[in-house]
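Containing mmCIF, C-alpha atoms: start12.cif.
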```
data_entry
#
loop_
_atom_site.label_atom_id
_atom_site.label_comp_id
_atom_site.auth_asym_id
_atom_site.auth_seq_id
_atom_site.Cartn_x
_atom_site.Cartn_y
_atom_site.Cartn_z
CA MET A 989 140.96 -39.86 62.88
CA ARG A 990 138.25 -42.55 63.11
CA PHE A 991 136.13 -40.24 65.26
CA ALA A 992 136.41 -37.45 62.67
CA SER A 993 135.39 -39.88 59.92
CA LEU A 994 132.40 -41.02 61.96
CA ILE A 995 131.27 -37.43 62.54
CA LEU A 996 131.64 -36.64 58.82
CA CYS A 997 129.55 -39.70 57.91
CA LEU A 998 126.83 -38.77 60.40
CA LEU A 999 126.69 -35.17 59.17
CA SER A 1000 126.48 -36.35 55.57
CA ALA A 1001 123.60 -38.69 56.40
CA ALA A 1002 121.75 -35.94 58.29
CA ALA A 1003 122.11 -33.59 55.34
CA CYS A 1004 120.39 -36.16 53.11
CA SER A 1005 117.39 -36.62 55.42
CA THR A 1006 114.08 -35.60 53.91
CA GLY A 1007 111.37 -33.60 55.64
CA ALA A 1008 109.37 -36.83 56.01
CA ASP A 1009 112.31 -38.52 57.75
CA LEU A 1010 112.66 -35.66 60.21
CA ARG A 1011 108.92 -35.48 60.86
CA SER A 1012 108.75 -39.17 61.64
CA ARG A 1013 111.30 -38.70 64.42
CA HIS A 1014 109.88 -35.58 66.08
CA GLY A 1015 106.57 -35.86 67.85
CA SER A 1016 104.76 -36.87 70.98
CA PRO A 1017 104.92 -40.48 72.13
CA LEU A 1018 102.83 -42.95 70.17
CA TYR A 1019 99.49 -43.80 71.74
CA THR A 1020 98.20 -47.26 70.85
CA PHE A 1021 94.47 -47.87 70.56
CA ASP A 1022 93.07 -51.40 70.77
CA CYS A 1023 89.87 -51.98 68.82
CA ASN A 1024 87.21 -54.61 68.09
CA ASP A 1025 88.20 -57.65 66.03
CA GLY A 1026 91.78 -57.58 67.39
CA LYS A 1027 92.66 -54.47 65.40
CA SER A 1028 94.83 -51.62 66.66
CA PHE A 1029 96.30 -48.33 65.50
CA GLN A 1030 98.71 -45.72 66.79
CA GLN A 1031 98.23 -41.95 67.01
CA ARG A 1032 100.49 -39.06 67.92
CA GLN A 1033 100.96 -35.34 67.42
CA ILE A 1034 103.95 -34.19 65.39
CA ILE A 1035 105.98 -31.32 66.86
CA SER A 1036 104.87 -29.05 63.98
CA GLY A 1037 101.22 -29.63 64.93
CA GLU A 1038 99.90 -32.37 62.67
CA VAL A 1039 98.09 -35.36 64.14
CA GLU A 1040 99.09 -38.61 62.44
CA VAL A 1041 97.84 -42.18 62.65
CA THR A 1042 99.47 -45.45 61.70
CA ALA A 1043 97.19 -48.35 60.80
CA GLY A 1044 97.42 -51.24 58.38
CA GLY A 1045 101.11 -50.51 57.83
CA VAL A 1046 100.43 -46.96 56.59
CA THR A 1047 101.03 -43.60 58.32
CA ARG A 1048 98.88 -40.62 57.31
CA ASP A 1049 98.08 -37.18 58.68
CA VAL A 1050 94.61 -36.60 60.11
CA THR A 1051 95.11 -32.85 60.52
CA THR A 1052 97.39 -30.16 59.17
CA ALA A 1053 99.74 -28.17 61.40
CA ASP A 1054 96.90 -25.62 61.73
CA GLY A 1055 94.51 -28.26 63.08
CA ASP A 1056 92.42 -28.44 59.90
CA LEU A 1057 91.32 -31.87 58.67
CA VAL A 1058 93.38 -33.16 55.74
CA PRO A 1059 91.04 -33.38 52.71
CA GLY A 1060 90.35 -37.04 51.97
CA GLY A 1061 92.42 -38.05 54.98
CA PRO A 1062 91.63 -40.47 57.76
CA ARG A 1063 89.15 -39.50 60.45
CA LEU A 1064 89.16 -40.04 64.21
CA GLU A 1065 85.68 -39.78 65.71
CA PRO A 1066 84.43 -40.20 69.28
CA VAL A 1067 81.68 -42.79 69.61
CA ASP A 1068 80.27 -42.93 73.14
CA GLU A 1069 83.41 -43.45 75.25
CA ALA A 1070 85.38 -45.06 72.41
CA THR A 1071 87.12 -43.84 69.24
CA ARG A 1072 86.49 -44.83 65.61
CA LEU A 1073 89.16 -44.56 62.90
CA THR A 1074 88.08 -44.56 59.27
CA GLY A 1075 89.92 -43.99 56.01
CA MET A 1076 92.88 -46.27 56.72
CA PRO A 1077 93.83 -49.72 55.37
CA GLY A 1078 92.21 -52.56 57.32
CA GLY A 1079 89.49 -50.27 58.63
CA PRO A 1080 87.19 -49.20 59.87
CA TYR A 1081 88.65 -49.47 63.37
CA GLU A 1082 85.67 -49.60 65.74
CA ALA A 1083 85.25 -49.35 69.54
CA CYS A 1084 88.88 -48.35 70.12
CA PHE A 1085 90.31 -47.50 73.52
CA MET A 1086 93.74 -46.17 74.38
CA ARG A 1087 95.94 -48.97 75.68
CA GLU A 1088 96.61 -48.82 79.42
CA GLY A 1089 100.02 -47.38 80.20
CA ASP A 1090 100.15 -45.23 77.04
#
```
As a first step, turn the structure in this file into structure tokens.
Amino acid sequence: MRFASLILCLLSAAACSTGADLRSRHGSPLYTFDCNDGKSFQQRQIISGEVEVTAGGVTRDVTTADGDLVPGGPRLEPVDEATRLTGMPGGPYEACFMREGD
């Protein structure tokens, strides 16, 4: 009986999940980038195709599922061999390199 109650609770919770909740759980591994001034951010691709970044405690999409840039969204740009992230709290994030092991 306890097992059946547990299953019912889990199914009820899953039914209440929003699209944002599901999206946050389904994607590639997070890649951490370390930047100048001790800053860092994380980037990954969501299973539906969007590329998202997390920086300054905020997660935002860089691209849509079709690969188009999100209007007014953050931007990832190559600069020499590094990456620059703009449009996020605490930025800009300059001279960023993917953390070893990611």
List the spatial neighbours of A:Arg1087 as a list in words - criterion: any atom at most 8 Å away, only C-alpha atoms, same-chain residues fewer than 4 positions off excluded.
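The neighbour list is Tyr1019, Thr1020, Phe1021 and Asp1022 of chain A.
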I'd like the interatomic distance between atom CA of A:Asp1025 and atom CA of A:Val1058, to a tenth of an Å.
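Atom CA of A:Val1058 lies at a distance of 27.1 Å from atom CA of A:Asp1025.
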Can you tell me, as a PyMOL selection string, what residues are no more than 12 Å from stretch 1041-1046 of chain A when counting all atoms listed in the file, ignoring any on the same chain fewer than 2 positions away?
chain A and resi 1012+1015+1017-1023+1027-1034+1038-1039+1048-1051+1061-1064+1073-1081
Could you list the residues chosen by the PyMOL selection byres ((chain A and resi 1069) around 9) in this structure as a ChimeraX atom specification?
/A:1066-1068,1070-1071,1083-1085
Do you have the atom CA of A:Ile1035-atom CA of A:Gly1060 distance handy?
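For atom CA of A:Ile1035 relative to atom CA of A:Gly1060, the distance reads 22.3 Å.
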What is the distance, in Å and to one decimal place, between atom CA of A:Gly1037 and atom CA of A:Glu1082?
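Pair atom CA of A:Gly1037 / atom CA of A:Glu1082 returns 25.3 Å.
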